[in-house]
Amino acid sequence: LNIALNDEDDVLVIPESAVLYDSFGQASCYSGESGSDAFERRRLELGGSTESGIIVQRGLDADDVVVSVGAEQLAAEESKSELAAEDDD
């Protein structure tokens, strides 16, 4: 999903479904380039919310693409990969 710029305030707004929270309450999302299948987890600094979604104060650029459907599944797969890598050590 391409990130929306809220015309009223010129702020980045992403869907709530794109935002993930870790056990410490730190927000992040999966972001990548348009047309690419590769995504990376990016930490976010969030502002308030609007009717359109959540305001991102820091962590994304207007031309970034975020995962809004399946973000939790990506996080689960990433965790499995990290656990498997730890087991190999």
# chains A, B, ... in the order shown; residues from 1 in each chain; ligands from 1
>>> select_by_dssp(residues="chain A", states="alpha helix (DSSP H)", output="tab-separated table (two decimals) with N, CA, C and O atoms, in the first residue's frame")
chain	number	residue	atom	x	y	z
A	71	ALA	N	0.91	-8.13	7.68
A	71	ALA	CA	2.10	-7.67	8.40
A	71	ALA	C	2.40	-8.56	9.60
A	71	ALA	O	3.56	-8.87	9.88
A	72	GLU	N	1.36	-9.00	10.31
A	72	GLU	CA	1.57	-9.87	11.47
A	72	GLU	C	2.15	-11.22	11.05
A	72	GLU	O	2.97	-11.80	11.75
A	73	GLN	N	1.74	-11.71	9.89
A	73	GLN	CA	2.29	-12.97	9.38
A	73	GLN	C	3.77	-12.82	9.04
A	73	GLN	O	4.57	-13.71	9.31
A	74	LEU	N	4.14	-11.68	8.45
A	74	LEU	CA	5.56	-11.42	8.17
A	74	LEU	C	6.36	-11.39	9.46
A	74	LEU	O	7.47	-11.93	9.53
A	75	ALA	N	5.82	-10.75	10.49
A	75	ALA	CA	6.50	-10.66	11.78
A	75	ALA	C	6.69	-12.06	12.38
A	75	ALA	O	7.76	-12.37	12.93
A	76	ALA	N	5.67	-12.91	12.27
A	76	ALA	CA	5.77	-14.27	12.79
A	76	ALA	C	6.84	-15.06	12.05
A	76	ALA	O	7.63	-15.79	12.67
A	77	GLU	N	6.88	-14.92	10.74
A	77	GLU	CA	7.90	-15.62	9.94
A	77	GLU	C	9.30	-15.11	10.28
A	77	GLU	O	10.25	-15.89	10.36
A	78	GLU	N	9.42	-13.80	10.50
A	78	GLU	CA	10.71	-13.22	10.87
A	78	GLU	C	11.16	-13.78	12.21
A	78	GLU	O	12.33	-14.13	12.39
A	79	SER	N	10.25	-13.91	13.16
A	79	SER	CA	10.58	-14.45	14.48
A	79	SER	C	11.03	-15.91	14.37
A	79	SER	O	12.00	-16.32	15.02
A	80	LYS	N	10.34	-16.68	13.54
A	80	LYS	CA	10.74	-18.08	13.33
A	80	LYS	C	12.15	-18.16	12.77
A	80	LYS	O	12.96	-18.98	13.20
A	81	SER	N	12.46	-17.30	11.82
A	81	SER	CA	13.78	-17.29	11.20
A	81	SER	C	14.85	-16.93	12.22
A	81	SER	O	15.93	-17.53	12.23
A	82	GLU	N	14.56	-15.96	13.07
A	82	GLU	CA	15.52	-15.54	14.10
A	82	GLU	C	15.75	-16.67	15.10
A	82	GLU	O	16.88	-16.92	15.51
A	83	LEU	N	14.69	-17.37	15.50
A	83	LEU	CA	14.83	-18.49	16.43
A	83	LEU	C	15.63	-19.62	15.80
A	83	LEU	O	16.47	-20.23	16.46
A	84	ALA	N	15.39	-19.91	14.55
A	84	ALA	CA	16.14	-20.96	13.85
A	84	ALA	C	17.61	-20.60	13.76
A	84	ALA	O	18.49	-21.45	13.94
A	85	ALA	N	17.90	-19.34	13.50
A	85	ALA	CA	19.30	-18.88	13.42
A	85	ALA	C	19.99	-19.01	14.77
A	85	ALA	O	21.16	-19.39	14.85
A	86	GLU	N	19.27	-18.71	15.86
A	86	GLU	CA	19.83	-18.84	17.21
A	86	GLU	C	20.12	-20.30	17.52
A	86	GLU	O	21.12	-20.62	18.16
A	87	ASP	N	19.27	-21.21	17.08
A	87	ASP	CA	19.46	-22.64	17.32
A	87	ASP	C	20.68	-23.17	16.59
A	87	ASP	O	21.33	-24.11	17.03
A	88	ASP	N	21.01	-22.54	15.45
A	88	ASP	CA	22.17	-22.96	14.68
A	88	ASP	C	23.49	-22.54	15.31
A	88	ASP	O	24.54	-23.10	15.01
>>> residues_around(residues="Glu33 (chain A)", least_positions_apart="3", cutoff="9 Å", atoms="only C-alpha atoms", output="list in words")
Ser36, Asp37, Ala38, Phe39, Asp63, Asp64, Val65 and Val66 of chain A
>>> write_last_selection(atoms="N, CA, C and O atoms", output="PDB file, in the first residue's frame")
ATOM      1  N   SER A  36       8.609  -4.051  -5.613  1.00  0.00           N
ATOM      2  CA  SER A  36       9.552  -5.020  -5.081  1.00  0.00           C
ATOM      3  C   SER A  36       8.834  -5.996  -4.147  1.00  0.00           C
ATOM      4  O   SER A  36       7.856  -5.640  -3.498  1.00  0.00           O
ATOM      5  N   ASP A  37       9.345  -7.216  -4.074  1.00  0.00           N
ATOM      6  CA  ASP A  37       8.813  -8.204  -3.141  1.00  0.00           C
ATOM      7  C   ASP A  37       9.595  -8.218  -1.839  1.00  0.00           C
ATOM      8  O   ASP A  37       9.274  -8.988  -0.931  1.00  0.00           O
ATOM      9  N   ALA A  38      10.628  -7.396  -1.725  1.00  0.00           N
ATOM     10  CA  ALA A  38      11.468  -7.358  -0.532  1.00  0.00           C
ATOM     11  C   ALA A  38      10.993  -6.249   0.397  1.00  0.00           C
ATOM     12  O   ALA A  38      10.820  -5.105  -0.010  1.00  0.00           O
ATOM     13  N   PHE A  39      10.786  -6.631   1.653  1.00  0.00           N
ATOM     14  CA  PHE A  39      10.360  -5.662   2.664  1.00  0.00           C
ATOM     15  C   PHE A  39      11.249  -5.788   3.878  1.00  0.00           C
ATOM     16  O   PHE A  39      11.739  -6.869   4.190  1.00  0.00           O
ATOM     17  N   ASP A  63       7.454   8.258  -0.295  1.00  0.00           N
ATOM     18  CA  ASP A  63       7.454   7.336  -1.422  1.00  0.00           C
ATOM     19  C   ASP A  63       7.626   5.870  -1.014  1.00  0.00           C
ATOM     20  O   ASP A  63       7.691   4.990  -1.865  1.00  0.00           O
ATOM     21  N   ASP A  64       7.672   5.588   0.282  1.00  0.00           N
ATOM     22  CA  ASP A  64       7.760   4.211   0.754  1.00  0.00           C
ATOM     23  C   ASP A  64       6.427   3.497   0.572  1.00  0.00           C
ATOM     24  O   ASP A  64       5.372   4.121   0.503  1.00  0.00           O
ATOM     25  N   VAL A  65       6.494   2.186   0.494  1.00  0.00           N
ATOM     26  CA  VAL A  65       5.318   1.329   0.414  1.00  0.00           C
ATOM     27  C   VAL A  65       5.286   0.495   1.681  1.00  0.00           C
ATOM     28  O   VAL A  65       6.328  -0.007   2.113  1.00  0.00           O
ATOM     29  N   VAL A  66       4.126   0.361   2.311  1.00  0.00           N
ATOM     30  CA  VAL A  66       4.019  -0.424   3.538  1.00  0.00           C
ATOM     31  C   VAL A  66       3.102  -1.620   3.337  1.00  0.00           C
ATOM     32  O   VAL A  66       2.206  -1.588   2.500  1.00  0.00           O
TER      33      VAL A  66
END
>>> residues_around(residues="Asp61 (chain A)", least_positions_apart="2", cutoff="12 Å", atoms="only C-alpha atoms", output="NGL selection string")
:A and (2-5 or 11-14 or 31-33 or 42 or 44 or 56-59 or 63-66)
>>> closest_residue(among="A:Ser34, A:Gly70, A:Phe24, A:Glu16", to="Leu46 (chain A)", atoms="only C-alpha atoms")
A:Glu16
>>> atom_distance(atom1="CA of Gly53 (chain A)", atom2="CA of Ser23 (chain A)")
21.9 Å
>>> residues_around(residues="Ala18 (chain A)", least_positions_apart="4", cutoff="6 Å", atoms="only C-alpha atoms", output="PyMOL selection string")
chain A and resi 29+67-68
>>> write_last_selection(atoms="all heavy atoms", output="PDB file, in the first residue's frame")
ATOM      1  N   CYS A  29       6.789  -1.127  11.163  1.00  0.00           N
ATOM      2  CA  CYS A  29       6.014  -1.634  10.032  1.00  0.00           C
ATOM      3  C   CYS A  29       6.984  -2.247   9.045  1.00  0.00           C
ATOM      4  O   CYS A  29       8.196  -2.067   9.146  1.00  0.00           O
ATOM      5  CB  CYS A  29       5.190  -0.530   9.376  1.00  0.00           C
ATOM      6  SG  CYS A  29       6.150   0.630   8.398  1.00  0.00           S
ATOM      7  N   VAL A  67       3.348  -2.661   4.120  1.00  0.00           N
ATOM      8  CA  VAL A  67       2.496  -3.850   4.115  1.00  0.00           C
ATOM      9  C   VAL A  67       1.348  -3.588   5.070  1.00  0.00           C
ATOM     10  O   VAL A  67       1.558  -3.370   6.261  1.00  0.00           O
ATOM     11  CB  VAL A  67       3.288  -5.093   4.568  1.00  0.00           C
ATOM     12  CG1 VAL A  67       2.365  -6.296   4.688  1.00  0.00           C
ATOM     13  CG2 VAL A  67       4.436  -5.373   3.614  1.00  0.00           C
ATOM     14  N   SER A  68       0.131  -3.579   4.550  1.00  0.00           N
ATOM     15  CA  SER A  68      -1.026  -3.331   5.409  1.00  0.00           C
ATOM     16  C   SER A  68      -1.869  -4.586   5.618  1.00  0.00           C
ATOM     17  O   SER A  68      -2.667  -4.651   6.537  1.00  0.00           O
ATOM     18  CB  SER A  68      -1.897  -2.211   4.839  1.00  0.00           C
ATOM     19  OG  SER A  68      -2.396  -2.582   3.577  1.00  0.00           O
TER      20      SER A  68
END
>>> atom_distance(atom1="CA of Leu60 (chain A)", atom2="CA of Arg41 (chain A)")
10.8 Å
>>> select_by_dssp(residues="chain A", states="strand (DSSP E or B)", output="PyMOL selection string")
chain A and resi 2+4-6+11-14+20-21+27-32+40-49+54-58+65-66
>>> decode(residues="chain A", atoms="C-alpha atoms", output="compact mmCIF listing (two decimals), in the first residue's frame")
# COMPACT_ATOMS: atom_id res chain seq x y z
CA LEU A 1 0.00 0.00 0.00
CA ASN A 2 1.38 3.41 -0.89
CA ILE A 3 1.57 5.85 1.97
CA ALA A 4 -0.99 8.64 1.95
CA LEU A 5 -0.11 12.25 2.56
CA ASN A 6 -2.88 13.89 4.52
CA ASP A 7 -3.59 17.03 2.46
CA GLU A 8 -4.78 19.03 5.45
CA ASP A 9 -1.57 18.85 7.44
CA ASP A 10 1.04 17.36 5.05
CA VAL A 11 1.68 14.41 7.34
CA LEU A 12 2.30 10.75 6.50
CA VAL A 13 -0.65 8.51 7.35
CA ILE A 14 -0.62 4.70 7.21
CA PRO A 15 -3.38 2.21 7.98
CA GLU A 16 -3.59 0.89 11.54
CA SER A 17 -3.23 -2.62 10.13
CA ALA A 18 0.31 -1.78 8.94
CA VAL A 19 1.56 -0.91 12.44
CA LEU A 20 3.10 -3.62 14.62
CA TYR A 21 4.04 -3.24 18.28
CA ASP A 22 6.73 -5.21 20.08
CA SER A 23 6.57 -6.27 23.74
CA PHE A 24 8.02 -2.89 24.76
CA GLY A 25 5.36 -0.94 22.85
CA GLN A 26 7.76 0.15 20.11
CA ALA A 27 5.94 0.66 16.80
CA SER A 28 7.22 -0.63 13.48
CA CYS A 29 6.01 -1.63 10.03
CA TYR A 30 7.26 -3.52 7.01
CA SER A 31 8.31 -1.19 4.23
CA GLY A 32 9.83 -1.57 0.78
CA GLU A 33 10.03 -0.06 -2.66
CA SER A 34 7.09 -0.04 -5.03
CA GLY A 35 7.16 -3.08 -7.31
CA SER A 36 9.55 -5.02 -5.08
CA ASP A 37 8.81 -8.20 -3.14
CA ALA A 38 11.47 -7.36 -0.53
CA PHE A 39 10.36 -5.66 2.66
CA GLU A 40 12.23 -4.69 5.80
CA ARG A 41 10.98 -3.90 9.27
CA ARG A 42 11.27 -0.18 10.09
CA ARG A 43 10.88 1.39 13.51
CA LEU A 44 8.35 4.20 13.64
CA GLU A 45 7.66 7.23 15.75
CA LEU A 46 3.92 7.75 15.68
CA GLY A 47 1.73 10.78 16.22
CA GLY A 48 -2.01 10.76 16.67
CA SER A 49 -4.58 9.11 14.49
CA THR A 50 -6.94 10.40 11.85
CA GLU A 51 -9.95 8.93 10.08
CA SER A 52 -7.49 7.66 7.45
CA GLY A 53 -5.07 5.91 9.82
CA ILE A 54 -2.08 6.64 12.06
CA ILE A 55 0.25 9.59 11.61
CA VAL A 56 3.93 8.69 11.18
CA GLN A 57 6.26 11.37 12.52
CA ARG A 58 9.52 9.53 11.85
CA GLY A 59 10.66 6.32 10.16
CA LEU A 60 9.10 6.46 6.68
CA ASP A 61 9.30 8.59 3.57
CA ALA A 62 6.34 9.61 1.43
CA ASP A 63 7.45 7.34 -1.42
CA ASP A 64 7.76 4.21 0.75
CA VAL A 65 5.32 1.33 0.41
CA VAL A 66 4.02 -0.42 3.54
CA VAL A 67 2.50 -3.85 4.12
CA SER A 68 -1.03 -3.33 5.41
CA VAL A 69 -2.37 -6.87 4.92
CA GLY A 70 -0.37 -9.75 6.37
CA ALA A 71 2.10 -7.67 8.40
CA GLU A 72 1.57 -9.87 11.47
CA GLN A 73 2.29 -12.97 9.38
CA LEU A 74 5.56 -11.42 8.17
CA ALA A 75 6.50 -10.66 11.78
CA ALA A 76 5.77 -14.27 12.79
CA GLU A 77 7.90 -15.62 9.94
CA GLU A 78 10.71 -13.22 10.87
CA SER A 79 10.58 -14.45 14.48
CA LYS A 80 10.74 -18.08 13.33
CA SER A 81 13.78 -17.29 11.20
CA GLU A 82 15.52 -15.54 14.10
CA LEU A 83 14.83 -18.49 16.43
CA ALA A 84 16.14 -20.96 13.85
CA ALA A 85 19.30 -18.88 13.42
CA GLU A 86 19.83 -18.84 17.21
CA ASP A 87 19.46 -22.64 17.32
CA ASP A 88 22.17 -22.96 14.68
CA ASP A 89 24.68 -21.04 16.85
